[in-house]
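Below is structure-v9.cif, holding mmCIF, C-alpha atoms.
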data_entry
loop_
_atom_site.label_atom_id
_atom_site.label_comp_id
_atom_site.auth_asym_id
_atom_site.auth_seq_id
_atom_site.Cartn_x
_atom_site.Cartn_y
_atom_site.Cartn_z
CA MET A 83 0.00 0.00 0.00
CA PRO A 84 1.30 3.49 -0.80
CA ASP A 85 2.08 5.74 2.15
CA GLY A 86 1.32 8.87 0.13
CA LEU A 87 0.44 10.22 -3.27
CA PRO A 88 3.13 10.44 -5.97
CA ASP A 89 4.80 13.85 -6.09
CA THR A 90 3.07 14.63 -9.39
CA LEU A 91 -0.35 14.20 -7.74
CA GLU A 92 0.36 15.68 -4.30
CA PRO A 93 -1.81 18.76 -3.67
CA PRO A 94 0.04 22.01 -2.88
CA PHE A 95 -2.34 22.67 0.03
CA GLU A 96 -3.69 20.92 3.11
CA TYR A 97 -6.06 18.07 2.26
CA SER A 98 -7.67 14.86 3.49
CA LEU A 99 -8.31 11.88 1.22
CA ALA A 100 -9.71 8.38 1.55
CA PHE A 101 -9.77 5.54 -0.97
CA MET A 102 -12.16 2.72 -0.17
CA GLU A 103 -12.20 -0.88 -1.32
CA PRO A 104 -14.03 -3.88 0.17
CA GLY A 105 -13.02 -4.29 3.80
CA HIS A 106 -10.32 -1.61 3.73
CA THR A 107 -9.92 2.17 3.68
CA LEU A 108 -6.67 3.95 2.84
CA GLU A 109 -6.52 7.44 4.36
CA PHE A 110 -4.22 10.43 3.88
CA GLY A 111 -4.30 13.53 6.06
CA ASP A 112 -6.41 14.19 9.13
CA SER A 113 -9.66 12.24 8.72
CA THR A 114 -11.44 14.36 11.37
CA LEU A 115 -10.49 17.80 10.04
CA ILE A 116 -13.58 19.79 9.08
CA TYR A 117 -13.86 21.37 5.61
CA PRO A 118 -16.78 22.98 3.77
CA TYR A 119 -18.57 20.49 1.51
CA LYS A 120 -20.30 23.02 -0.75
CA SER A 121 -22.17 20.94 -3.36
CA VAL A 122 -21.14 17.60 -1.85
CA THR A 123 -23.84 18.65 0.64
CA LYS A 124 -26.32 17.52 -2.02
CA LEU A 125 -25.37 13.88 -1.42
CA PHE A 126 -26.56 14.08 2.18
CA SER A 127 -29.61 16.11 1.21
CA ALA A 128 -30.55 13.77 -1.63
CA LEU A 129 -30.34 10.76 0.66
CA ALA A 130 -32.52 12.48 3.28
CA ILE A 131 -35.09 13.37 0.61
CA LEU A 132 -35.07 9.77 -0.62
CA VAL A 133 -35.68 8.56 2.94
CA ALA A 134 -38.87 10.64 2.93
CA VAL A 135 -39.81 9.06 -0.41
CA ASP A 136 -39.06 5.56 0.91
CA ARG A 137 -41.28 6.22 3.92
CA ALA A 138 -44.12 7.36 1.59
CA MET A 139 -44.17 10.84 3.11
CA ILE A 140 -43.60 12.36 -0.32
CA ASP A 141 -43.51 10.84 -3.81
CA LEU A 142 -41.07 11.38 -6.67
CA ASP A 143 -44.08 12.17 -8.87
CA ASP A 144 -45.72 14.61 -6.47
CA GLU A 145 -46.42 17.96 -8.13
CA ILE A 146 -44.56 20.89 -6.62
CA LEU A 147 -45.02 24.59 -7.35
CA ILE A 148 -41.67 26.26 -7.99
CA ALA A 149 -40.30 29.63 -9.08
CA GLU A 150 -42.74 31.38 -6.76
CA GLY A 151 -45.71 29.55 -8.26
CA ALA A 152 -44.74 30.03 -11.90
CA ARG A 153 -44.44 26.31 -12.73
CA THR A 154 -45.47 22.87 -11.50
CA VAL A 155 -42.86 20.11 -11.63
CA ARG A 156 -42.30 16.74 -10.01
CA LEU A 157 -39.85 16.04 -7.21
CA ARG A 158 -37.79 13.88 -9.59
CA HIS A 159 -37.32 16.94 -11.84
CA LEU A 160 -35.82 18.92 -8.99
CA LEU A 161 -33.45 16.12 -7.96
CA SER A 162 -32.30 15.45 -11.53
CA HIS A 163 -31.83 19.12 -12.52
CA THR A 164 -34.51 18.96 -15.21
CA SER A 165 -37.03 21.46 -13.82
CA GLY A 166 -35.78 24.35 -15.97
CA LEU A 167 -34.77 26.40 -12.92
CA ALA A 168 -31.66 28.56 -13.16
CA PHE A 169 -28.52 27.85 -11.14
CA ASN A 170 -29.59 30.23 -8.37
CA GLY A 171 -32.88 31.98 -7.79
CA PRO A 172 -36.49 31.39 -8.92
CA VAL A 173 -35.76 32.04 -12.61
CA LEU A 174 -36.98 29.65 -15.32
CA GLU A 175 -34.46 29.18 -18.13
CA ALA A 176 -35.91 26.16 -19.98
CA GLY A 177 -38.92 23.91 -20.18
CA VAL A 178 -39.34 20.81 -18.02
CA GLU A 179 -37.15 17.93 -19.28
CA GLU A 180 -35.88 20.19 -22.09
CA LYS A 181 -32.25 20.18 -20.92
CA ARG A 182 -30.29 19.63 -17.74
CA ILE A 183 -29.61 22.91 -15.93
CA TYR A 184 -27.61 22.37 -12.75
CA SER A 185 -29.64 24.18 -10.11
CA ASN A 186 -28.98 24.93 -6.45
CA ARG A 187 -32.43 26.49 -6.33
CA GLY A 188 -33.95 23.21 -7.51
CA PHE A 189 -32.44 21.37 -4.54
CA GLU A 190 -33.69 24.04 -2.18
CA GLU A 191 -37.19 23.72 -3.64
CA ALA A 192 -36.99 19.95 -3.07
CA SER A 193 -35.93 20.46 0.55
CA TRP A 194 -38.82 22.87 1.16
CA ALA A 195 -41.24 20.30 -0.25
CA VAL A 196 -39.85 17.73 2.20
CA GLU A 197 -40.28 20.21 5.05
CA SER A 198 -43.95 20.59 4.12
CA ALA A 199 -44.41 16.82 3.82
CA THR A 200 -42.65 15.83 7.04
CA GLY A 201 -43.22 18.80 9.33
CA PHE A 202 -39.48 18.89 10.09
CA ARG A 203 -37.05 21.69 9.41
CA PHE A 204 -34.90 20.19 6.66
CA SER A 205 -31.63 20.36 8.61
CA ASP A 206 -33.34 18.49 11.45
CA TRP A 207 -34.69 15.92 8.98
CA VAL A 208 -31.18 15.30 7.60
CA GLU A 209 -29.85 14.98 11.16
CA ALA A 210 -32.52 12.49 12.18
CA THR A 211 -32.62 10.36 9.03
CA VAL A 212 -29.01 10.38 7.76
CA LEU A 213 -26.42 11.86 10.12
CA GLU A 214 -27.52 10.15 13.33
CA PRO A 215 -28.23 6.70 11.82
CA LEU A 216 -24.82 6.67 10.12
CA GLY A 217 -23.06 7.90 13.27
CA LEU A 218 -21.64 10.99 11.58
CA ILE A 219 -19.88 13.26 14.04
CA GLU A 220 -18.42 16.23 12.16
CA THR A 221 -21.03 16.78 9.45
CA GLN A 222 -23.48 19.65 9.92
CA ILE A 223 -25.96 21.12 7.45
CA ASP A 224 -27.53 24.35 8.60
CA GLY A 225 -28.76 26.41 5.70
CA SER A 226 -29.12 25.60 2.01
CA ALA A 227 -29.70 21.92 1.20
CA ALA A 228 -27.58 22.54 -1.88
CA TYR A 229 -24.31 23.76 -0.40
CA ALA A 230 -24.36 24.60 3.34
CA GLY A 231 -22.74 21.41 4.70
CA VAL A 232 -19.40 21.04 6.45
CA GLY A 233 -17.71 17.87 7.63
CA SER A 234 -14.83 15.44 7.53
CA ILE A 235 -13.34 12.68 5.44
CA ARG A 236 -14.33 10.02 7.95
CA ASP A 237 -17.95 11.14 7.58
CA LEU A 238 -17.65 10.95 3.79
CA VAL A 239 -16.23 7.43 4.17
CA ALA A 240 -19.30 6.45 6.21
CA LEU A 241 -21.58 8.01 3.59
CA ALA A 242 -19.76 6.17 0.80
CA ARG A 243 -20.16 2.85 2.61
CA GLU A 244 -23.89 3.56 2.93
CA LEU A 245 -24.16 4.38 -0.78
CA GLU A 246 -22.32 1.16 -1.63
CA ALA A 247 -24.79 -0.94 0.39
CA PRO A 248 -27.85 1.16 1.27
CA THR A 249 -29.63 0.58 4.55
CA LEU A 250 -31.56 3.84 4.86
CA ILE A 251 -33.57 3.39 1.64
CA SER A 252 -34.73 0.37 -0.35
CA GLN A 253 -32.49 -1.29 -2.91
CA GLU A 254 -35.04 -0.49 -5.63
CA LEU A 255 -35.07 3.21 -4.83
CA ALA A 256 -31.28 3.28 -4.56
CA ARG A 257 -30.89 1.74 -8.01
CA GLU A 258 -33.18 4.40 -9.45
CA ALA A 259 -31.34 7.22 -7.66
CA PHE A 260 -27.89 6.07 -8.80
CA SER A 261 -28.90 5.47 -12.44
CA PRO A 262 -29.47 7.96 -15.28
CA VAL A 263 -32.82 9.78 -15.07
CA PHE A 264 -34.15 11.41 -18.25
CA ALA A 265 -31.12 10.12 -20.16
CA GLY A 266 -30.00 11.88 -23.33
CA LEU A 267 -30.45 15.46 -22.13
CA LYS A 268 -27.73 17.96 -22.94
CA GLY A 269 -26.42 20.16 -20.17
CA VAL A 270 -23.47 21.78 -18.42
CA THR A 271 -21.63 20.55 -15.34
CA PRO A 272 -20.12 23.69 -13.76
CA GLY A 273 -16.35 23.58 -13.97
CA PHE A 274 -16.22 20.92 -16.69
CA GLY A 275 -18.43 22.23 -19.48
CA ALA A 276 -21.18 20.95 -21.75
CA TYR A 277 -22.14 17.37 -22.53
CA SER A 278 -24.51 16.12 -25.22
CA ASP A 279 -25.75 13.58 -22.66
CA ASN A 280 -25.22 15.00 -19.18
CA THR A 281 -26.14 11.91 -17.16
CA TRP A 282 -27.56 12.41 -13.66
CA GLY A 283 -29.57 10.32 -11.26
CA LEU A 284 -31.72 11.64 -8.43
CA GLY A 285 -29.25 14.05 -6.84
CA PHE A 286 -26.18 12.10 -7.95
CA GLU A 287 -24.10 12.82 -11.05
CA VAL A 288 -23.55 9.64 -13.07
CA LYS A 289 -20.36 9.19 -15.11
CA GLY A 290 -22.00 7.51 -18.11
CA ALA A 291 -20.00 8.13 -21.29
CA LYS A 292 -18.27 11.29 -20.01
CA VAL A 293 -14.52 11.46 -20.66
CA ARG A 294 -13.73 15.12 -19.94
CA THR A 295 -14.85 14.89 -16.35
CA TRP A 296 -13.78 14.65 -12.72
CA PHE A 297 -14.64 10.94 -12.60
CA PRO A 298 -11.67 8.59 -13.20
CA ARG A 299 -11.25 7.26 -16.72
CA SER A 300 -10.79 3.81 -15.20
CA ALA A 301 -14.10 3.95 -13.33
CA SER A 302 -17.17 2.19 -14.71
CA ALA A 303 -19.96 4.07 -16.47
CA ARG A 304 -22.17 3.42 -13.42
CA THR A 305 -19.91 5.46 -11.12
CA PHE A 306 -21.86 8.20 -9.33
CA GLY A 307 -21.22 11.01 -6.85
CA HIS A 308 -20.72 14.75 -6.61
CA PHE A 309 -18.04 17.39 -6.30
CA GLY A 310 -18.15 20.85 -4.75
CA GLN A 311 -16.64 24.25 -5.44
CA SER A 312 -14.85 24.07 -2.09
CA GLY A 313 -12.58 21.44 -3.64
CA SER A 314 -14.55 18.47 -2.31
CA LEU A 315 -15.60 15.22 -3.97
CA LEU A 316 -17.03 11.80 -3.39
CA TRP A 317 -17.49 9.13 -6.03
CA VAL A 318 -18.62 5.51 -5.72
CA ASP A 319 -18.06 2.85 -8.38
CA PRO A 320 -20.60 0.06 -7.70
CA VAL A 321 -19.10 -2.19 -10.40
CA ARG A 322 -15.51 -2.10 -9.17
CA GLU A 323 -16.62 -1.71 -5.53
CA ARG A 324 -14.32 1.23 -4.96
CA ALA A 325 -14.88 4.80 -3.76
CA LEU A 326 -12.86 7.95 -3.18
CA ALA A 327 -13.41 11.05 -1.04
CA PHE A 328 -11.38 14.26 -1.12
CA LEU A 329 -11.50 17.46 0.93
CA GLY A 330 -9.03 20.32 0.79
CA ALA A 331 -8.18 23.82 1.94
CA GLU A 332 -8.20 25.32 -1.57
CA PRO A 333 -11.41 26.02 -3.55
CA PHE A 334 -11.98 24.19 -6.84
CA GLY A 335 -9.69 25.50 -9.58
CA PRO A 336 -7.14 24.46 -12.19
CA TRP A 337 -5.31 22.07 -9.86
CA HIS A 338 -8.46 20.07 -9.12
CA LYS A 339 -9.56 20.03 -12.74
CA ASN A 340 -6.14 18.73 -13.80
CA HIS A 341 -5.57 16.22 -11.00
CA TRP A 342 -8.81 14.75 -9.64
CA GLN A 343 -9.28 12.33 -12.53
CA ARG A 344 -5.62 11.31 -12.39
CA ILE A 345 -5.77 10.69 -8.64
CA GLY A 346 -8.79 8.43 -9.09
CA ASP A 347 -7.05 6.52 -11.87
CA TYR A 348 -3.92 6.18 -9.75
CA PHE A 349 -5.81 4.34 -7.02
CA LEU A 350 -7.98 2.27 -9.38
CA GLU A 351 -5.01 1.17 -11.46
CA THR A 352 -2.37 0.58 -8.76
CA LEU A 353 -4.37 -0.97 -5.90
#
Can I see the file as structure tokens?
Amino acid sequence: MPDGLPDTLEPPFEYSLAFMEPGHTLEFGDSTLIYPYKSVTKLFSALAILVAVDRAMIDLDDEILIAEGARTVRLRHLLSHTSGLAFNGPVLEAGVEEKRIYSNRGFEEASWAVESATGFRFSDWVEATVLEPLGLIETQIDGSAAYAGVGSIRDLVALARELEAPTLISQELAREAFSPVFAGLKGVTPGFGAYSDNTWGLGFEVKGAKVRTWFPRSASARTFGHFGQSGSLLWVDPVRERALAFLGAEPFGPWHKNHWQRIGDYFLETL
């Protein structure tokens, strides 16, 4: 087992990293150090929303008024970024299922719908249905369901293990969430550009046929996860039974865009 990253892949800033394989986790850096998740928050939020779906408190096909009452969409549209909402704010930029527009506002709309359905403040719902059951210590989400989370690598490891073998939601719902929804829609992943088929599940980006991406080239097409503008990521490859989490002190930029894929390939190809 390597005791560190090769010099060509070593970040020039403080970071924590974990590579997971069956029965073993390889960690670098302080696994308890707290970093902002930014959009990796959506993984926790999506799972909490899916718990509400699994408990029949809300349905993926429930109609939800969005953009201050200007449009009715389904919960699955909000989770898969196909509602037409802009990146931020209640602005409609496309028709429903017309293209995939990555939307923080869409995730917030989904969280508000869950609040109405459950009677819980969303941060309390995430705490009760995801953080506490998984024994997560450092993770906190107080604010936007799209980007307000902070936490540690060891908490991301626990989340990855849950996503590999779900216990909080049914296997059927998990398969749907981690598979392409409304496949074939064009769209942009912020930081990496446009794709003719920007594959996403229900809150989880899916690698699919993407090559110019943050997912490792060596990972299977079924690999899913999320990255954040704080320089955070988590991906899970259910075919190869491997996962990787990364948190760092530097916001997403050229270093991450040039190295994340290579770091993933390094672990997949050498371990």
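Atom to atom, atom CA of A:Asn340 and atom CA of A:Leu91 stand 9.5 Å apart.
Straight-line separation from atom CA of A:Arg236 to atom CA of A:Val196: 27.3 Å.
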key: Selection result for the PyMOL selection byres ((chain A and resi 162) around 7) on this file, as JSON, numbers by chain   = {"A": [158, 159, 160, 161, 163, 164, 263, 282, 283, 284, 285]}
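Take atom CA of A:Ala230 and atom CA of A:Phe110: the distance between them is 24.6 Å.
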message = As a check of understanding, name the residues that the PyMOL selection byres ((chain A and resi 313) around 6) selects in the supplied structure, as a PyMOL selection string.
response = chain A and resi 310-312+314+330+333-334
task = Name the residues in contact with A:Asp347 at a cut-off of 8 Å, using all atoms listed in the file, excluding same-chain residues fewer than 6 positions from it; report them as a PyMOL selection string.
result = chain A and resi 298-301
Using C-alpha atoms, can you export the residues from the last selection as a JSON list (two decimals), in the frame of the given file?
[["chain", "number", "residue", "atom", "x", "y", "z"],
["A", 298, "PRO", "CA", -11.67, 8.59, -13.20],
["A", 299, "ARG", "CA", -11.25, 7.26, -16.72],
["A", 300, "SER", "CA", -10.79, 3.81, -15.20],
["A", 301, "ALA", "CA", -14.10, 3.95, -13.33]]
key: Matched chain/residue IDs from the PyMOL selection byres ((chain A and resi 265) around 10), as a list in words   = Glu179, Arg182, Ser261, Pro262, Val263, Phe264, Gly266, Leu267, Lys268, Asp279, Asn280, Thr281, Trp282, Gly283 and Gly290 of chain A
Please extract stretch 107-118 of chain A and write it out with N, CA and C atoms, as a PDB file, in the first residue's frame.
ATOM      1  N   THR A 107      -9.943   0.756   4.044  1.00  0.00           N
ATOM      2  CA  THR A 107      -9.924   2.172   3.680  1.00  0.00           C
ATOM      3  C   THR A 107      -8.510   2.704   3.848  1.00  0.00           C
ATOM      4  N   LEU A 108      -8.003   3.336   2.814  1.00  0.00           N
ATOM      5  CA  LEU A 108      -6.673   3.948   2.837  1.00  0.00           C
ATOM      6  C   LEU A 108      -6.855   5.446   2.991  1.00  0.00           C
ATOM      7  N   GLU A 109      -6.307   6.029   4.067  1.00  0.00           N
ATOM      8  CA  GLU A 109      -6.521   7.442   4.360  1.00  0.00           C
ATOM      9  C   GLU A 109      -5.225   8.230   4.326  1.00  0.00           C
ATOM     10  N   PHE A 110      -5.330   9.485   3.879  1.00  0.00           N
ATOM     11  CA  PHE A 110      -4.219  10.433   3.876  1.00  0.00           C
ATOM     12  C   PHE A 110      -4.710  11.713   4.526  1.00  0.00           C
ATOM     13  N   GLY A 111      -3.905  12.305   5.377  1.00  0.00           N
ATOM     14  CA  GLY A 111      -4.302  13.528   6.055  1.00  0.00           C
ATOM     15  C   GLY A 111      -5.146  13.231   7.285  1.00  0.00           C
ATOM     16  N   ASP A 112      -5.616  14.288   7.918  1.00  0.00           N
ATOM     17  CA  ASP A 112      -6.414  14.190   9.127  1.00  0.00           C
ATOM     18  C   ASP A 112      -7.858  13.864   8.758  1.00  0.00           C
ATOM     19  N   SER A 113      -8.327  12.671   9.116  1.00  0.00           N
ATOM     20  CA  SER A 113      -9.665  12.238   8.718  1.00  0.00           C
ATOM     21  C   SER A 113     -10.774  12.942   9.495  1.00  0.00           C
ATOM     22  N   THR A 114     -10.429  13.665  10.570  1.00  0.00           N
ATOM     23  CA  THR A 114     -11.438  14.358  11.371  1.00  0.00           C
ATOM     24  C   THR A 114     -11.467  15.860  11.132  1.00  0.00           C
ATOM     25  N   LEU A 115     -10.552  16.359  10.305  1.00  0.00           N
ATOM     26  CA  LEU A 115     -10.490  17.800  10.043  1.00  0.00           C
ATOM     27  C   LEU A 115     -11.740  18.227   9.262  1.00  0.00           C
ATOM     28  N   ILE A 116     -12.330  19.335   9.667  1.00  0.00           N
ATOM     29  CA  ILE A 116     -13.582  19.792   9.075  1.00  0.00           C
ATOM     30  C   ILE A 116     -13.317  20.784   7.945  1.00  0.00           C
ATOM     31  N   TYR A 117     -13.937  20.506   6.794  1.00  0.00           N
ATOM     32  CA  TYR A 117     -13.861  21.374   5.613  1.00  0.00           C
ATOM     33  C   TYR A 117     -15.287  21.679   5.149  1.00  0.00           C
ATOM     34  N   PRO A 118     -15.473  22.756   4.392  1.00  0.00           N
ATOM     35  CA  PRO A 118     -16.783  22.979   3.766  1.00  0.00           C
ATOM     36  C   PRO A 118     -17.008  21.983   2.639  1.00  0.00           C
TER      37      PRO A 118
END
